[in-house]
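Step one of this worksheet: look at the structure below.
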Amino acid sequence: MKNSLFLAASLSMSCLMAAGLSQTLGPATGAEDPFLWLEEIEGSRALAWAHTQNDKTFSALQSDPRYQRFYGDALYILQAKDRIPYVSLGRRGLDNFWQDENQVRGVLRRTTLESYRTQSPQWETILDVDALADADKKNWVLKGVSCLPPEERLCLLNLSEGGKDAVFVREFDAVAKTFVTNGFALPEGKQEVTWVDSDTVLIARDWGEGTITQAGYPFVVKELKRAQSLVESHEVFRGEPTDVGATPFVLRDSEGTVHATGAVRSISAFEHEYVLFGFKPTKLNLPKKATIGGIASGRLLVTLNEDWTPPSGDTSFSAGSIISYDLAEWKQDPLRARPTLVFKPGPRQALSGFTATRNLLILTILDNVQSRAFVYKYHQGAWQATPIPLPENASVGLAAASHETDEAMFTVSSFLSPTMLWYFDAATERLETLKATPPRFDASRLVVEQFEAISRDGTRIPYFLLRPKSARFDGSTPTLLYGYGGFQTPLIPSYLGLTGRLWLEQGNAYVVANLRGGGEFGPQWHQTAQGATKQRTWDDFIAVAEDLIRRKITSPRRLGVVGGSQGGLLVGTAITQRPELFNAAILQVPLFDMVRFTELGAGASWIGEYGDPTIPEQRKWLEAYSPYQRLVPGTTYPSPFILTSTKDDRVHPAHGRKAAARLAALGQPYLYYENIDGSHSAAANLIEQARRISLEYTYASQRLVDE
C-alpha cells in the first residue's frame with residue numbers, strides 16, 4: 001500500500017511539474033504540435049528533459065523493495081552460466097557469442113561438436129569485444145559477423161557504437177584473430193555489405209547527397225575492390241529515392257560457389273524486385289511479394305507471400321508457399337525457367353522457418369500455432385517430406401544448420417517447459433538432446449490454456465493464458481496481456497523464464513494474443529489487418545481483453561497491457577480507444593505519433609504496413625487511431641509506463657517522449673524511462689536489460705497487484 005501511495009504521489013508531481021509545458025493543449029499535428037522540440041534526438045533541451053524523467057521514474061520504482069529482488073533475479077537468469085550457449089555450425093567449428101558479468105559486451109568464441117556435447121565445453125576465444133571497446137575507447141556492440149564461404153576465415157564485423165542500427169564495418173581474420181591490415185573498413189552508417197570474393201564486396205550505404213531514401217536507408221549499391229577507397233568504388237545498381245532501400249544480393253550454394261550477384265530493390269516493407277547483374281541487368285519476373293531463399297538440392301528456392309501464376313500460366317501457387325527452380329535451367333534463362341511446388345500451407349498452417357544444408361532442405365511450420373519440423377529432399381522430379389520426430393505440443397525453431405553437412409540444431413520449448421537444444425543429422429537420422437535450460441521458475445502450480453475471443457467483425461482470435469491452477473474466476477487475478485500483431489510476425493509459445501520468475505511465481509497471469517497482422521496463420525492473416533484495415537489488429541486486442549474480463553479471469557482493475565515497437569503502438573491504441581479496460585500499460589520503444597511517423601527514424605519504411613500520412617485518404621485512417629492524437633482532455637488513461645532509447649535509430653525516441661509530454665500537459669500520470677544506449681532493444685547489454693525488465697515488473701506489480 002505504501003508503495004502504491006508513493007507511486008501515485010510521484011506520478012502526480014510529475015504531471016504538475018510538466019503541466020507548465022502547455023497551459024492549453026492544442027492539436028498535436030503539424031506545426032501546432034507543441035512538442036516538436038522533443039524530436040531533436042541529441043538536443044540539449046530534449047536530453048535534459050529525458051534525464052529529469054528518468055530520475056522521477058527511478059525514484060518511483062527503484063525505491064520499491066521488489067525492484068532490487070526483481071533486478072537480482074533478472075540479472076541472475078540473464079547472466080546464468082548454465083544457460084544454453086547457442087552456436088552456428090561453421091566450417092571451423094561451432095561459434096558462439098557470449099555475454100555475462102565478466103564479458104559485458106561479449107566474446108566471440110569457438111568449440112568443437114565433441115566438446116560442445118560435454119557439460120563444460122572448451123572454448124577458444126576469437127574476439128573479445130570488451131577488450132576491443134577498451135582499446136578503442138568505444139561502447140562497441142557487436143551487431144553481426146559475415147564470413148566468406150567456403151573457408152570462413154575472412155569476416156566482416158558490424159560494430160555499433162551504443163547499439164544503433166548504424167554500424168562500422170571492419171575486416172577480421174578469424175584464424176589469426178586480428179583485424180586485417182589495410183582490410184575493408186567502412187565508416188559508420190546504416191549499410192549492408194556482402195562478400196563476392198576475397199577481394200570484392202558489394203555495399204549499400206550513404207554515398208553522399210541524394211543516395212538515401214526517406215526511410216533513411218541506401219538505394220545505391222556499389223562494388224568495392226580490396227585496397228580501393230570508397231570514392232573509387234563502382235556503382236552497379238541504383239533504385240529510386242521513393243523506395244525503402246536497396247541491398248546487395250549474392251546467391252551461393254553449399255560449396256560457396258557464387259551462381260548470381262545482384263541487388264534487391266525494396267519498393268515497400270513487403271514488396272521487392274530482384275535485379276541480376278551481368279552483361280545486361282535482368283529484373284526477375286517474380287511477384288513483388290516474394291523472397292529468394294537460397295539453394296537446396298540443386299534448386300533455387302523462393303517463398304511467396306501472395307498468390308501467383310508464373311508467366312508460363314500452367315500452374316498457380318498460393319500465398320505462403322515455397323517454390324523451386326532447377327538451378328541450371330534458371331541460370332540459363334531466369335525469365336523462362338519453370339517453378340515447381342515445394343510446400344503449400346493448409347488452412348491453419350504457416351511456414352515459420354527453413355534452411356538449406358549440404359543436400360537437403362529443412363522446414364519448420366506452424367499448425368494452429370503449434371510447431372512441426374520436416375526434412376525435404378528433391379528426388380526423381382519431386383520434393384519428398386519426412387517428419388523429424390521432435391517433441392510434440394511444443395514450439396520448434398531452427399537454431400543452426402551446416403552447409404558442409406546435413407546437420408542441424410533445433411530449439412524446442414513451451415511456455416512452462418525450459419528450452420532444449422536438439423541435434424539432428426539427416427544423413428544418419430541421429431537425433432539427440434544436446435543442451436537444456438534449467439528451470440528458472442516453479443511451473444508446478446501453473447497451467448496453460450488456449451481460448452478464442454470474438455473480434456468486432458466476428459473473426460475468432462486465439463490467445464494463450466498462463467495462470468495459477470488455483471486462480472479464482474472472480475476477476476481478482478493480476479494479468480498482463482501481451483501482443484504484437486504486425487509485419488507478419490507470429491507469436492508462438494516459448495519458455496518465459498524471466499516472466500515466470502518475476503510475474504507468474506507471484507500468483508499472477510500472463511496472456512499472449514495471436515492477433516491479425518501477425519504471421520500465425522500465414523500471409524493472409526497479416527494482410528487482412530494492414531493499411532486501411534489496420535484497425536482490425538486493435539479490435540482483436542481489445543476483444544481479447546474483453547474476453548478475459550467476461551470469463552472473470554481478471555478485471556479492468558487488475559488488467560495491464562504490454563508490447564514493444566509495433567506492439568507499443570498496439571498498447572497505445574488500446575489505452576486510447578478503451579482506457580476503461582486497463583489499469584496498467586507498458587509501451588516499449590513504441591510507435592505513437594502516426595501522423596508524423598514517416599518523418600521520424602526509419603518510419604517511412606513502414607508505409608506498407610500502415611499507410612502514408614501525406615496522402616489525404618490514408619492520413620484519415622491513420623489519424624483515426626494514432627494514439628498521440630487521441631490523447632485528449634477529459635479522459636482518464638491507465639498511468640502508462642513508456643520506455644525508449646536515445647540511440648534507437650529505428651523507432652525514433654520522439655514517439656515515446658512526445659507521448660509522455662502530452663500526458664503531462666493533460667495532467668495525466670505516467671512514468672517514462674529513456675535508456676541512452678541500446679537502440680531498438682532499449683538495452684545494450686545484459687545489465688541494462690535486467691534494469692529495464694525489473695522496472696517494468698515493479699511498475700506492473702504496483703499498478704495491478706497492490707491494493
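Chains: A, B, ... in order of the C-alpha cells. Residues: from 1 per chain. Ligands: from 1, in order shown.
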Inset, instruction - Taking the DSSP assignment computed from this structure's backbone, write out as JSON, numbers by chain all residues of stretch 231-435 of chain A that belong to helix (DSSP H, G or I). - result: {"A": [231, 232, 327, 328, 329, 330, 331, 332]}
Legend entry - Contacts of A:Gly353 within 9 Å, only C-alpha atoms, excl. fewer than 3 positions in-chain, as a PyMOL selection string: chain A and resi 362-365+397-398
Would you write out those residues with all heavy atoms, as a PDB file, in the first residue's frame?
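Heads up, here's the output in again28.pdb:
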```pdb
ATOM      1  N   ILE A 362      15.400 -28.089 -44.848  1.00  0.00           N
ATOM      2  CA  ILE A 362      14.727 -28.329 -43.568  1.00  0.00           C
ATOM      3  C   ILE A 362      13.712 -27.222 -43.332  1.00  0.00           C
ATOM      4  O   ILE A 362      14.042 -26.034 -43.430  1.00  0.00           O
ATOM      5  CB  ILE A 362      15.736 -28.407 -42.413  1.00  0.00           C
ATOM      6  CG1 ILE A 362      16.674 -29.597 -42.625  1.00  0.00           C
ATOM      7  CG2 ILE A 362      15.019 -28.530 -41.081  1.00  0.00           C
ATOM      8  CD1 ILE A 362      17.745 -29.739 -41.571  1.00  0.00           C
ATOM      9  N   LEU A 363      12.470 -27.620 -43.028  1.00  0.00           N
ATOM     10  CA  LEU A 363      11.378 -26.678 -42.819  1.00  0.00           C
ATOM     11  C   LEU A 363      10.809 -26.825 -41.422  1.00  0.00           C
ATOM     12  O   LEU A 363      10.725 -27.933 -40.880  1.00  0.00           O
ATOM     13  CB  LEU A 363      10.229 -26.946 -43.809  1.00  0.00           C
ATOM     14  CG  LEU A 363      10.135 -26.108 -45.077  1.00  0.00           C
ATOM     15  CD1 LEU A 363      11.333 -26.381 -45.958  1.00  0.00           C
ATOM     16  CD2 LEU A 363       8.832 -26.419 -45.816  1.00  0.00           C
ATOM     17  N   THR A 364      10.396 -25.696 -40.838  1.00  0.00           N
ATOM     18  CA  THR A 364       9.531 -25.724 -39.665  1.00  0.00           C
ATOM     19  C   THR A 364       8.252 -25.007 -40.037  1.00  0.00           C
ATOM     20  O   THR A 364       8.280 -23.968 -40.719  1.00  0.00           O
ATOM     21  CB  THR A 364      10.179 -25.044 -38.447  1.00  0.00           C
ATOM     22  OG1 THR A 364      10.558 -23.705 -38.785  1.00  0.00           O
ATOM     23  CG2 THR A 364      11.404 -25.805 -37.988  1.00  0.00           C
ATOM     24  N   ILE A 365       7.121 -25.562 -39.620  1.00  0.00           N
ATOM     25  CA  ILE A 365       5.832 -24.950 -39.926  1.00  0.00           C
ATOM     26  C   ILE A 365       5.029 -24.785 -38.649  1.00  0.00           C
ATOM     27  O   ILE A 365       5.246 -25.491 -37.654  1.00  0.00           O
ATOM     28  CB  ILE A 365       5.030 -25.782 -40.952  1.00  0.00           C
ATOM     29  CG1 ILE A 365       4.599 -27.124 -40.350  1.00  0.00           C
ATOM     30  CG2 ILE A 365       5.828 -25.995 -42.230  1.00  0.00           C
ATOM     31  CD1 ILE A 365       3.586 -27.857 -41.198  1.00  0.00           C
ATOM     32  N   GLY A 397      12.063 -24.378 -33.292  1.00  0.00           N
ATOM     33  CA  GLY A 397      12.727 -23.346 -34.078  1.00  0.00           C
ATOM     34  C   GLY A 397      14.062 -23.834 -34.597  1.00  0.00           C
ATOM     35  O   GLY A 397      14.767 -24.587 -33.921  1.00  0.00           O
ATOM     36  N   LEU A 398      14.417 -23.404 -35.796  1.00  0.00           N
ATOM     37  CA  LEU A 398      15.733 -23.731 -36.347  1.00  0.00           C
ATOM     38  C   LEU A 398      16.789 -22.880 -35.651  1.00  0.00           C
ATOM     39  O   LEU A 398      16.744 -21.649 -35.716  1.00  0.00           O
ATOM     40  CB  LEU A 398      15.754 -23.468 -37.847  1.00  0.00           C
ATOM     41  CG  LEU A 398      15.258 -24.600 -38.739  1.00  0.00           C
ATOM     42  CD1 LEU A 398      14.969 -24.081 -40.143  1.00  0.00           C
ATOM     43  CD2 LEU A 398      16.293 -25.711 -38.790  1.00  0.00           C
TER      44      LEU A 398
END
```
Inset, instruction - For each of A:Thr576, A:Gln214, A:Thr181, A:Thr554, take the minimum atom-to-atom distance to A:Gly601, counting only C-alpha atoms, then give the residue where this is smallest. - result: A:Gln214
Legend entry - Backbone-only DSSP, strand (DSSP E or B) members of stretch 69-285 of chain A, as a PyMOL selection string: chain A and resi 88-90+93-98+107-111+124-128+140-147+154-161+167-173+178-179+185-189+192-197+200-204+212+218+220-225+234-238+245-252+258-266+272-276+282-283
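In this structure, atom CA of A:His403 sits 21.0 Å away from atom CA of A:Val193.
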Legend entry - Residues near A:Ile292, cut-off 9 Å, only C-alpha atoms, skip fewer than 5 positions along chain, as JSON, numbers by chain: {"A": [251, 274, 300, 301, 302, 303]}
Selection export as a PDB file, in the first residue's frame, atoms kept: all heavy atoms:
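Written output follows (again_34.pdb):
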```pdb
ATOM      1  N   LEU A 251      24.083 -14.990 -54.516  1.00  0.00           N
ATOM      2  CA  LEU A 251      23.486 -16.319 -54.409  1.00  0.00           C
ATOM      3  C   LEU A 251      24.589 -17.371 -54.435  1.00  0.00           C
ATOM      4  O   LEU A 251      25.282 -17.537 -55.441  1.00  0.00           O
ATOM      5  CB  LEU A 251      22.507 -16.547 -55.566  1.00  0.00           C
ATOM      6  CG  LEU A 251      21.790 -17.898 -55.588  1.00  0.00           C
ATOM      7  CD1 LEU A 251      20.863 -18.034 -54.387  1.00  0.00           C
ATOM      8  CD2 LEU A 251      21.013 -18.064 -56.891  1.00  0.00           C
ATOM      9  N   TYR A 274      14.041  -8.140 -57.706  1.00  0.00           N
ATOM     10  CA  TYR A 274      15.393  -8.687 -57.796  1.00  0.00           C
ATOM     11  C   TYR A 274      15.976  -8.357 -59.166  1.00  0.00           C
ATOM     12  O   TYR A 274      15.339  -8.618 -60.193  1.00  0.00           O
ATOM     13  CB  TYR A 274      15.379 -10.201 -57.610  1.00  0.00           C
ATOM     14  CG  TYR A 274      15.168 -10.638 -56.177  1.00  0.00           C
ATOM     15  CD1 TYR A 274      13.891 -10.719 -55.640  1.00  0.00           C
ATOM     16  CD2 TYR A 274      16.252 -10.966 -55.361  1.00  0.00           C
ATOM     17  CE1 TYR A 274      13.686 -11.125 -54.326  1.00  0.00           C
ATOM     18  CE2 TYR A 274      16.064 -11.376 -54.050  1.00  0.00           C
ATOM     19  CZ  TYR A 274      14.778 -11.447 -53.536  1.00  0.00           C
ATOM     20  OH  TYR A 274      14.587 -11.851 -52.236  1.00  0.00           O
ATOM     21  N   LEU A 300      16.838 -23.645 -56.839  1.00  0.00           N
ATOM     22  CA  LEU A 300      16.676 -22.306 -56.270  1.00  0.00           C
ATOM     23  C   LEU A 300      15.328 -22.225 -55.563  1.00  0.00           C
ATOM     24  O   LEU A 300      14.292 -22.580 -56.134  1.00  0.00           O
ATOM     25  CB  LEU A 300      16.741 -21.258 -57.382  1.00  0.00           C
ATOM     26  CG  LEU A 300      16.503 -19.808 -56.952  1.00  0.00           C
ATOM     27  CD1 LEU A 300      17.686 -19.288 -56.150  1.00  0.00           C
ATOM     28  CD2 LEU A 300      16.256 -18.925 -58.176  1.00  0.00           C
ATOM     29  N   LEU A 301      15.327 -21.738 -54.330  1.00  0.00           N
ATOM     30  CA  LEU A 301      14.117 -21.671 -53.507  1.00  0.00           C
ATOM     31  C   LEU A 301      13.568 -20.257 -53.465  1.00  0.00           C
ATOM     32  O   LEU A 301      14.324 -19.279 -53.342  1.00  0.00           O
ATOM     33  CB  LEU A 301      14.424 -22.126 -52.083  1.00  0.00           C
ATOM     34  CG  LEU A 301      15.029 -23.525 -51.937  1.00  0.00           C
ATOM     35  CD1 LEU A 301      15.515 -23.731 -50.514  1.00  0.00           C
ATOM     36  CD2 LEU A 301      14.013 -24.577 -52.326  1.00  0.00           C
ATOM     37  N   VAL A 302      12.248 -20.137 -53.540  1.00  0.00           N
ATOM     38  CA  VAL A 302      11.568 -18.845 -53.473  1.00  0.00           C
ATOM     39  C   VAL A 302      10.331 -18.994 -52.588  1.00  0.00           C
ATOM     40  O   VAL A 302       9.554 -19.944 -52.762  1.00  0.00           O
ATOM     41  CB  VAL A 302      11.145 -18.346 -54.870  1.00  0.00           C
ATOM     42  CG1 VAL A 302      10.367 -17.034 -54.757  1.00  0.00           C
ATOM     43  CG2 VAL A 302      12.359 -18.166 -55.776  1.00  0.00           C
ATOM     44  N   THR A 303      10.151 -18.088 -51.643  1.00  0.00           N
ATOM     45  CA  THR A 303       8.930 -18.074 -50.831  1.00  0.00           C
ATOM     46  C   THR A 303       7.977 -17.018 -51.384  1.00  0.00           C
ATOM     47  O   THR A 303       8.404 -15.948 -51.826  1.00  0.00           O
ATOM     48  CB  THR A 303       9.236 -17.761 -49.361  1.00  0.00           C
ATOM     49  OG1 THR A 303       9.885 -16.484 -49.266  1.00  0.00           O
ATOM     50  CG2 THR A 303      10.141 -18.811 -48.760  1.00  0.00           C
TER      51      THR A 303
END
```
Inset, instruction - Please measure the separation of atom CA of A:Ile693 and atom CA of A:Tyr670, giving the value in Å to one decimal. - result: 17.3 Å
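Residues lying within 8 Å of A:Gln588, counting only C-alpha atoms and ignoring same-chain neighbours fewer than 6 positions away, are Val562, Gly563, Gly564, Ser565, Gly567, Gly568, Ile642, Leu643 and Thr644 of chain A.
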Written file, previous selection with N, CA and C atoms, as a tab-separated table (two decimals), in the first residue's frame:
```tsv
chain	number	residue	atom	x	y	z
A	562	VAL	N	0.95	-4.91	-22.51
A	562	VAL	CA	2.37	-4.70	-22.74
A	562	VAL	C	2.70	-5.05	-24.18
A	563	GLY	N	3.60	-4.26	-24.80
A	563	GLY	CA	4.04	-4.54	-26.16
A	563	GLY	C	5.16	-3.60	-26.54
A	564	GLY	N	5.96	-4.01	-27.53
A	564	GLY	CA	7.09	-3.20	-27.96
A	564	GLY	C	7.09	-2.93	-29.44
A	565	SER	N	7.54	-1.72	-29.83
A	565	SER	CA	7.64	-1.31	-31.23
A	565	SER	C	6.24	-1.24	-31.83
A	567	GLY	N	4.13	-3.41	-31.24
A	567	GLY	CA	3.35	-3.76	-30.06
A	567	GLY	C	3.16	-2.57	-29.13
A	568	GLY	N	4.10	-1.62	-29.14
A	568	GLY	CA	3.91	-0.39	-28.37
A	568	GLY	C	2.79	0.45	-28.95
A	642	ILE	N	6.27	4.28	-20.19
A	642	ILE	CA	6.80	4.40	-21.55
A	642	ILE	C	8.32	4.26	-21.49
A	643	LEU	N	8.86	3.35	-22.30
A	643	LEU	CA	10.30	3.11	-22.32
A	643	LEU	C	10.82	3.27	-23.74
A	644	THR	N	11.96	3.92	-23.88
A	644	THR	CA	12.58	4.06	-25.20
A	644	THR	C	14.09	4.19	-25.04
```
Inset, instruction - Find the residues near A:Thr479: any atom within 6 Å, counting only C-alpha atoms, skip ones fewer than 6 places away on the same chain, and give them as a list in words. - result: Asn508, Ala509, Tyr510 and Leu559 of chain A
Include C-alpha atoms and write out the residues we just selected as a short mmCIF file (atom, residue, chain, number, x, y, z; two decimals), in the first residue's frame.
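The result, written out as result_9.cif:
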```cif
data_model
loop_
_atom_site.label_atom_id
_atom_site.label_comp_id
_atom_site.auth_asym_id
_atom_site.auth_seq_id
_atom_site.Cartn_x
_atom_site.Cartn_y
_atom_site.Cartn_z
CA ASN A 508 -0.29 -13.57 -11.46
CA ALA A 509 -1.40 -14.42 -15.01
CA TYR A 510 0.09 -13.72 -18.44
CA LEU A 559 -5.53 -5.96 -16.24
#
```
Inset, instruction - Identify, on the basis of only C-alpha atoms, every residue whose closest approach to A:Arg69 does not exceed 10 Å; exclude the query and any residue fewer than 6 positions from it along the same chain; express the result as a ChimeraX atom specification. - result: /A:75,502,694,698
Output for the residues just chosen: C-alpha atoms as a JSON list (two decimals), in the first residue's frame:
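After the write, out-v5.json holds the following:
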```json
[["chain", "number", "residue", "atom", "x", "y", "z"],
["A", 75, "LEU", "CA", 20.41, -10.46, -13.80],
["A", 502, "LEU", "CA", 9.21, -12.08, -11.81],
["A", 694, "SER", "CA", 12.90, -5.02, -13.39],
["A", 698, "THR", "CA", 7.93, -3.35, -10.46]]
```
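Reported to one decimal place, the separation of atom CA of A:Thr213 from atom CA of A:Pro241 is 4.8 Å.
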Inset, instruction - Compile the contact shell of A:Ser312 as an MDAnalysis selection string: residues with an atom at most 9 Å away, counting only C-alpha atoms, same-chain residues fewer than 3 positions apart removed. - result: chainID A and resid 309 315 336:338
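If you measure from each of A:Leu446, A:Asp648, A:Arg226, A:Leu504 to A:Lys164 using only C-alpha atoms, the closest one turns out to be A:Asp648.
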